[in-house]
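File shown: target.tsv. Contents: TSV, C-alpha atoms.
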```tsv
chain	number	residue	atom	x	y	z
A	1	LYS	CA	1.26	-28.99	-7.28
A	2	ASN	CA	2.97	-25.76	-6.15
A	3	GLN	CA	0.95	-24.28	-3.30
A	4	VAL	CA	1.33	-21.77	-0.50
A	5	GLU	CA	-1.02	-22.06	2.47
A	6	GLN	CA	-1.34	-19.38	5.14
A	7	SER	CA	-2.93	-19.40	8.55
A	8	PRO	CA	-4.88	-18.00	10.17
A	9	GLN	CA	-7.10	-16.53	7.46
A	10	SER	CA	-7.81	-13.55	9.70
A	11	LEU	CA	-6.64	-12.33	13.07
A	12	ILE	CA	-7.71	-9.60	15.49
A	13	ILE	CA	-5.31	-8.42	18.19
A	14	LEU	CA	-5.06	-5.51	20.59
A	15	GLU	CA	-2.58	-2.73	20.01
A	16	GLY	CA	0.77	-3.48	21.64
A	17	LYS	CA	0.37	-7.25	21.49
A	18	ASN	CA	2.56	-9.63	19.50
A	19	CYS	CA	1.33	-12.07	16.87
A	20	THR	CA	2.68	-14.78	14.58
A	21	LEU	CA	1.46	-15.63	11.11
A	22	GLN	CA	2.17	-19.00	9.50
A	23	CYS	CA	3.01	-20.05	5.96
A	24	ASN	CA	3.43	-23.61	4.63
A	25	TYR	CA	4.51	-24.27	1.07
A	26	THR	CA	4.94	-27.14	-1.34
A	27	VAL	CA	6.86	-25.27	-4.02
A	28	SER	CA	9.70	-26.97	-5.85
A	29	PRO	CA	12.22	-25.97	-6.91
A	30	PHE	CA	12.55	-23.23	-4.30
A	31	SER	CA	14.34	-19.94	-4.87
A	32	ASN	CA	13.23	-17.63	-2.08
A	33	LEU	CA	10.34	-16.79	0.22
A	34	ARG	CA	8.96	-13.31	0.77
A	35	TRP	CA	6.53	-11.71	3.13
A	36	TYR	CA	4.54	-8.75	1.84
A	37	LYS	CA	2.27	-6.28	3.59
A	38	GLN	CA	-0.67	-5.09	1.54
A	39	ASP	CA	-2.90	-2.26	2.63
A	40	THR	CA	-6.42	-2.26	1.21
A	41	GLY	CA	-6.44	-1.07	-2.39
A	42	ARG	CA	-2.66	-0.76	-2.55
A	43	GLY	CA	0.09	-2.86	-4.03
A	44	PRO	CA	2.05	-5.32	-1.86
A	45	VAL	CA	5.14	-3.94	-0.14
A	46	SER	CA	8.03	-6.26	0.59
A	47	LEU	CA	8.86	-6.87	4.27
A	48	THR	CA	11.46	-9.64	4.07
A	49	ILE	CA	13.00	-11.98	1.55
A	50	MET	CA	14.81	-15.18	2.52
A	51	THR	CA	16.75	-17.70	0.51
A	52	PHE	CA	17.19	-21.40	1.24
A	53	SER	CA	20.14	-20.89	3.58
A	54	GLU	CA	18.59	-18.18	5.75
A	55	ASN	CA	16.68	-19.06	8.93
A	56	THR	CA	15.75	-15.65	10.29
A	57	LYS	CA	15.47	-12.14	8.95
A	58	SER	CA	14.26	-9.02	10.71
A	59	ASN	CA	12.88	-5.73	9.46
A	60	GLY	CA	12.09	-3.47	12.39
A	61	ARG	CA	9.25	-5.05	14.36
A	62	TYR	CA	8.84	-7.78	11.76
A	63	THR	CA	10.82	-11.03	12.10
A	64	ALA	CA	10.49	-13.81	9.55
A	65	THR	CA	11.72	-17.37	10.01
A	66	LEU	CA	12.23	-20.08	7.46
A	67	ASP	CA	12.58	-23.85	7.94
A	68	ALA	CA	13.45	-25.18	4.49
A	69	ASP	CA	13.34	-28.78	5.71
A	70	THR	CA	9.71	-28.63	6.83
A	71	LYS	CA	8.85	-25.95	4.23
A	72	GLN	CA	7.40	-23.63	6.83
A	73	SER	CA	7.79	-19.92	7.46
A	74	SER	CA	6.44	-17.56	10.06
A	75	LEU	CA	6.14	-13.80	10.38
A	76	HIS	CA	6.27	-12.44	13.92
A	77	ILE	CA	5.07	-8.92	14.60
A	78	THR	CA	6.21	-7.37	17.86
A	79	ALA	CA	4.39	-4.61	19.77
A	80	SER	CA	1.70	-4.24	17.13
A	81	GLN	CA	0.48	-0.81	16.04
A	82	LEU	CA	-2.80	0.28	14.49
A	83	SER	CA	-0.95	0.83	11.21
A	84	ASP	CA	-0.07	-2.87	11.11
A	85	SER	CA	-3.68	-3.57	10.11
A	86	ALA	CA	-3.35	-5.03	6.60
A	87	SER	CA	-3.18	-8.24	4.64
A	88	TYR	CA	0.09	-10.16	5.00
A	89	ILE	CA	0.97	-12.33	2.04
A	90	CYS	CA	3.51	-15.12	1.91
A	91	VAL	CA	5.01	-15.55	-1.56
A	92	VAL	CA	7.36	-18.29	-2.71
A	93	ASN	CA	9.54	-17.80	-5.76
A	94	SER	CA	10.12	-20.91	-7.82
A	95	ASN	CA	13.29	-21.18	-9.84
A	96	GLN	CA	11.13	-22.07	-12.81
A	97	GLY	CA	11.03	-18.83	-14.75
A	98	GLY	CA	10.98	-16.73	-11.60
A	99	LYS	CA	7.30	-17.48	-11.09
A	100	LEU	CA	5.77	-16.26	-7.82
A	101	ILE	CA	3.31	-18.49	-5.97
A	102	PHE	CA	1.09	-16.45	-3.66
A	103	GLY	CA	-0.63	-17.47	-0.45
A	104	GLN	CA	-4.16	-16.27	0.16
A	105	GLY	CA	-2.97	-13.88	2.85
A	106	THR	CA	-3.76	-13.32	6.51
A	107	GLU	CA	-5.99	-10.34	7.25
A	108	LEU	CA	-4.66	-8.69	10.43
A	109	SER	CA	-6.71	-6.18	12.33
A	110	VAL	CA	-5.12	-4.30	15.22
A	111	LYS	CA	-7.64	-2.73	17.60
A	112	PRO	CA	-7.00	0.06	20.12
B	1	GLU	CA	14.97	4.87	-6.96
B	2	ALA	CA	11.52	5.56	-8.36
B	3	GLY	CA	9.00	2.78	-7.91
B	4	VAL	CA	6.67	1.09	-10.38
B	5	ALA	CA	4.17	3.68	-11.61
B	6	GLN	CA	0.62	2.73	-12.53
B	7	SER	CA	-2.32	4.75	-13.78
B	8	PRO	CA	-5.10	5.37	-13.31
B	9	ARG	CA	-5.49	4.61	-9.60
B	10	TYR	CA	-9.22	4.02	-9.92
B	11	LYS	CA	-11.56	3.34	-12.82
B	12	ILE	CA	-15.30	2.75	-12.94
B	13	ILE	CA	-16.84	1.56	-16.20
B	14	GLU	CA	-20.02	-0.09	-17.36
B	15	LYS	CA	-19.99	-3.70	-18.54
B	16	ARG	CA	-19.15	-4.16	-22.22
B	17	GLN	CA	-17.06	-0.97	-22.21
B	18	SER	CA	-13.32	-0.96	-22.83
B	19	VAL	CA	-10.58	0.06	-20.41
B	20	ALA	CA	-6.80	0.36	-20.49
B	21	PHE	CA	-4.22	0.43	-17.72
B	22	TRP	CA	-0.69	1.74	-17.96
B	23	CYS	CA	2.47	0.66	-16.16
B	24	ASN	CA	5.94	2.20	-16.09
B	25	PRO	CA	8.40	-0.23	-14.47
B	26	ILE	CA	11.56	0.60	-12.57
B	27	SER	CA	14.27	1.73	-14.96
B	28	GLY	CA	16.41	-1.17	-16.09
B	29	HIS	CA	14.00	-3.89	-15.01
B	30	ALA	CA	13.73	-6.30	-17.90
B	31	THR	CA	10.84	-8.34	-16.54
B	32	LEU	CA	7.34	-6.93	-16.18
B	33	TYR	CA	4.27	-8.66	-14.78
B	34	TRP	CA	0.54	-7.93	-14.74
B	35	TYR	CA	-1.52	-9.48	-11.95
B	36	GLN	CA	-5.25	-9.52	-11.28
B	37	GLN	CA	-6.26	-9.47	-7.61
B	38	ILE	CA	-9.90	-10.07	-6.81
B	39	LEU	CA	-11.02	-8.88	-3.38
B	40	GLY	CA	-10.06	-11.35	-0.67
B	41	GLN	CA	-7.77	-13.38	-2.92
B	42	GLY	CA	-4.09	-13.44	-3.72
B	43	PRO	CA	-2.82	-11.94	-6.98
B	44	LYS	CA	-3.14	-14.08	-10.12
B	45	LEU	CA	-0.53	-13.71	-12.84
B	46	LEU	CA	-2.04	-12.58	-16.13
B	47	ILE	CA	1.08	-12.06	-18.22
B	48	GLN	CA	4.86	-11.88	-17.87
B	49	PHE	CA	7.12	-9.98	-20.26
B	50	GLN	CA	10.87	-10.30	-20.64
B	51	ASN	CA	11.88	-7.07	-22.38
B	52	ASN	CA	9.22	-6.83	-25.10
B	53	GLY	CA	8.62	-10.56	-25.46
B	54	VAL	CA	5.90	-12.59	-23.74
B	55	VAL	CA	7.22	-15.27	-21.35
B	56	ASP	CA	3.93	-16.50	-19.88
B	57	ASP	CA	0.37	-15.54	-20.78
B	58	SER	CA	-1.26	-18.88	-19.98
B	59	GLN	CA	-3.79	-17.32	-17.58
B	60	LEU	CA	-4.66	-14.29	-19.69
B	61	PRO	CA	-8.27	-14.46	-20.99
B	62	LYS	CA	-7.23	-13.69	-24.53
B	63	ASP	CA	-10.76	-13.29	-25.83
B	64	ARG	CA	-11.07	-10.02	-23.93
B	65	PHE	CA	-7.67	-9.16	-22.41
B	66	SER	CA	-4.62	-7.97	-24.28
B	67	ALA	CA	-1.28	-6.57	-23.20
B	68	GLU	CA	1.72	-5.12	-24.93
B	69	ARG	CA	5.12	-3.85	-23.96
B	70	LEU	CA	6.42	-1.90	-26.90
B	71	LYS	CA	10.13	-1.07	-26.77
B	72	GLY	CA	10.50	-3.22	-23.66
B	73	VAL	CA	9.71	-0.43	-21.20
B	74	ASP	CA	6.14	0.78	-20.55
B	75	SER	CA	3.25	-1.63	-20.77
B	76	THR	CA	-0.50	-1.38	-21.27
B	77	LEU	CA	-3.17	-3.88	-20.33
B	78	LYS	CA	-6.53	-3.64	-22.08
B	79	ILE	CA	-9.89	-5.23	-21.40
B	80	GLN	CA	-12.47	-5.21	-24.20
B	81	PRO	CA	-15.33	-5.75	-23.51
B	82	ALA	CA	-15.35	-5.69	-19.70
B	83	LYS	CA	-17.48	-8.04	-17.61
B	84	LEU	CA	-18.71	-7.65	-14.04
B	85	GLU	CA	-16.26	-10.34	-12.87
B	86	ASP	CA	-13.34	-8.25	-14.10
B	87	SER	CA	-13.77	-5.98	-11.08
B	88	ALA	CA	-10.46	-6.29	-9.27
B	89	VAL	CA	-7.18	-4.55	-8.53
B	90	TYR	CA	-4.73	-4.83	-11.42
B	91	LEU	CA	-1.15	-4.88	-10.19
B	92	CYS	CA	1.96	-4.31	-12.24
B	93	ALA	CA	5.33	-5.51	-10.98
B	94	SER	CA	8.84	-5.42	-12.37
B	95	SER	CA	12.09	-7.16	-11.57
B	96	GLN	CA	15.69	-7.25	-12.68
B	97	THR	CA	16.49	-10.58	-11.07
B	98	THR	CA	14.40	-13.25	-9.36
B	99	ALA	CA	15.13	-11.52	-6.05
B	100	GLY	CA	14.05	-8.00	-6.85
B	101	TYR	CA	10.29	-7.83	-7.36
B	102	THR	CA	8.62	-4.45	-6.86
B	103	PHE	CA	4.89	-3.90	-7.15
B	104	GLY	CA	3.07	-0.78	-8.19
B	105	SER	CA	0.15	0.63	-6.21
B	106	GLY	CA	-2.35	-0.96	-8.55
B	107	THR	CA	-5.42	0.16	-10.47
B	108	ARG	CA	-8.76	-0.58	-8.83
B	109	LEU	CA	-11.31	-1.41	-11.54
B	110	THR	CA	-15.03	-1.49	-10.82
B	111	VAL	CA	-17.33	-2.77	-13.55
B	112	VAL	CA	-20.99	-1.89	-13.04
```
Would you mind writing the file's structure down as structure tokens?
Amino acid sequence: KNQVEQSPQSLIILEGKNCTLQCNYTVSPFSNLRWYKQDTGRGPVSLTIMTFSENTKSNGRYTATLDADTKQSSLHITASQLSDSASYICVVNSNQGGKLIFGQGTELSVKP
Amino acid sequence: EAGVAQSPRYKIIEKRQSVAFWCNPISGHATLYWYQQILGQGPKLLIQFQNNGVVDDSQLPKDRFSAERLKGVDSTLKIQPAKLEDSAVYLCASSQTTAGYTFGSGTRLTVV
């Protein structure tokens, strides 16, 4: 069964600290993996997208990694800001009809 | 480029009433998706269009939900009659390839 599991479910950190969010997937066939940031009541906004051959991709203070062998990905946020408070969703795109398989998300709260 | 446009942003209706949501995808994007996102959960695909044809509507509750994409551009999603459990954010997304998903800001529906 195609699944995407994220951990932790929620996370609270202090402003300026770093954090790492995890994503494990069992999707096959695999096309690409994306990390989205979703503010409450808004649509998801793409942070990174990685294909099978890519190990690391950065977007400002966000760095995503992908290990296609172990089917694991992580999203590292450096020097967190209050505006980073949001839900972070890991999404895997299966080659089968371009279907997206969503993780449940990690709710990040950055406190002053 | 302009993003995916959705309206309205918010809607409050009573149960058993009808409601319709509108989506205008990015110009040239052949594929359009409607997702339902219940609070605290990841988005669930309701229906996928390729131009004006339906690719996947396996999770659309067809007894009360309907969607159309006339002329392969704009799309409307309708709920008739609404139930309390339909309260959610309804997201529209469009893509040109499997790599280029873009989400709209969503419509937050509250059924009372």
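Residues of chain A lying within 8 Å of chain B, counting all atoms listed in the file, are Asn32, Gly41, Arg42, Gly43, Pro44, Val45, Ser46, Ile49, Ile89, Asn93, Gly98, Phe102, Gly103, Gln104 and Gly105 of chain A.
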For this session: To one decimal in Å, tell me the separation between CA of Lys37 (chain A) and CA of Asn24 (chain A).
Result: 17.4 Å
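Here CA of Gln81 (chain A) stands at a distance of 24.1 Å from CA of Leu66 (chain A).
Taking all atoms listed in the file into account, Ser7 (chain A) lies nearest to A:Ser74 out of the set A:Ser28, A:Ser74, A:Thr48, A:Ser109.
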Seminar exercise, completed: Expressed in Å, the length from CA of Met50 (chain A) to CA of Ile38 (chain B) is 26.9 Å
For this session: For each of B:Ser27, B:Gln80, B:Gln36, B:Gln17, take the minimum atom-to-atom distance to Asn51 (chain B), counting all atoms listed in the file, then give the residue where this is smallest.
Result: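 Closest residue, counting all atoms listed in the file: B:Ser27.
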Exercise. Out of A:Val4, A:Val27, A:Cys19, A:Ala86, which residue has the shortest atom-to-atom distance to Tyr62 (chain A) when counting only C-alpha atoms?
Worked result: A:Cys19
Problem set entry | Selection near Gln3 (chain A), 7 Å with all atoms listed in the file, sequence-local residues under 3 positions removed, as a ChimeraX atom specification | /A:25-27,101
Problem set entry | Distance query Asn52 (chain B) at most 10 Å, all atoms listed in the file, self and fewer than 5 positions along chain excluded, as an NGL selection string | :B and (30-32 or 68-75)
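Proximity ranking of A:Thr40, A:Thr20, A:Ser87, A:Ser80 relative to Val110 (chain A) places A:Ser80 first, based on only C-alpha atoms.
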Got a sec: who's within 9 Å of Asn55 (chain A), counting only C-alpha atoms, leaving out chain neighbours fewer than 2 positions off, as a PDB file with C-alpha atoms, keeping the file's coordinate frame?
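Output below, filename part23.pdb:
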```pdb
ATOM      1  CA  MET A  50      14.810 -15.180   2.520  1.00  0.00           C
ATOM      2  CA  THR A  51      16.750 -17.700   0.510  1.00  0.00           C
ATOM      3  CA  PHE A  52      17.190 -21.400   1.240  1.00  0.00           C
ATOM      4  CA  SER A  53      20.140 -20.890   3.580  1.00  0.00           C
ATOM      5  CA  LYS A  57      15.470 -12.140   8.950  1.00  0.00           C
ATOM      6  CA  ALA A  64      10.490 -13.810   9.550  1.00  0.00           C
ATOM      7  CA  THR A  65      11.720 -17.370  10.010  1.00  0.00           C
ATOM      8  CA  LEU A  66      12.230 -20.080   7.460  1.00  0.00           C
ATOM      9  CA  ASP A  67      12.580 -23.850   7.940  1.00  0.00           C
ATOM     10  CA  ALA A  68      13.450 -25.180   4.490  1.00  0.00           C
TER      11      ALA A  68
END
```
Problem set entry | Residue nearest Ser18 (chain B) - candidates B:Ala82, B:Leu46, B:Leu60, B:Val54, atoms counted: only C-alpha atoms | B:Ala82
Exercise. Near region 62-64 of chain B, within 12 Å and counting all atoms listed in the file, which residues show up once chain neighbours fewer than 3 positions away are dropped, as a list of chain:residue names?
Worked result: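 Answer for this query is B:Arg16, B:Gln17, B:Ser18, B:Val19, B:Ala20, B:Leu46, B:Ile47, B:Asp57, B:Ser58, B:Gln59, B:Ala67, B:Leu77, B:Lys78, B:Ile79, B:Gln80, B:Pro81, B:Ala82, B:Lys83, B:Asp86.
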Those selected residues, please, written with C-alpha atoms and delivered as a short mmCIF file (atom, residue, chain, number, x, y, z; two decimals), in the coordinates of the input.
```cif
data_model
loop_
_atom_site.label_atom_id
_atom_site.label_comp_id
_atom_site.auth_asym_id
_atom_site.auth_seq_id
_atom_site.Cartn_x
_atom_site.Cartn_y
_atom_site.Cartn_z
CA ARG B 16 -19.15 -4.16 -22.22
CA GLN B 17 -17.06 -0.97 -22.21
CA SER B 18 -13.32 -0.96 -22.83
CA VAL B 19 -10.58 0.06 -20.41
CA ALA B 20 -6.80 0.36 -20.49
CA LEU B 46 -2.04 -12.58 -16.13
CA ILE B 47 1.08 -12.06 -18.22
CA ASP B 57 0.37 -15.54 -20.78
CA SER B 58 -1.26 -18.88 -19.98
CA GLN B 59 -3.79 -17.32 -17.58
CA ALA B 67 -1.28 -6.57 -23.20
CA LEU B 77 -3.17 -3.88 -20.33
CA LYS B 78 -6.53 -3.64 -22.08
CA ILE B 79 -9.89 -5.23 -21.40
CA GLN B 80 -12.47 -5.21 -24.20
CA PRO B 81 -15.33 -5.75 -23.51
CA ALA B 82 -15.35 -5.69 -19.70
CA LYS B 83 -17.48 -8.04 -17.61
CA ASP B 86 -13.34 -8.25 -14.10
#
```
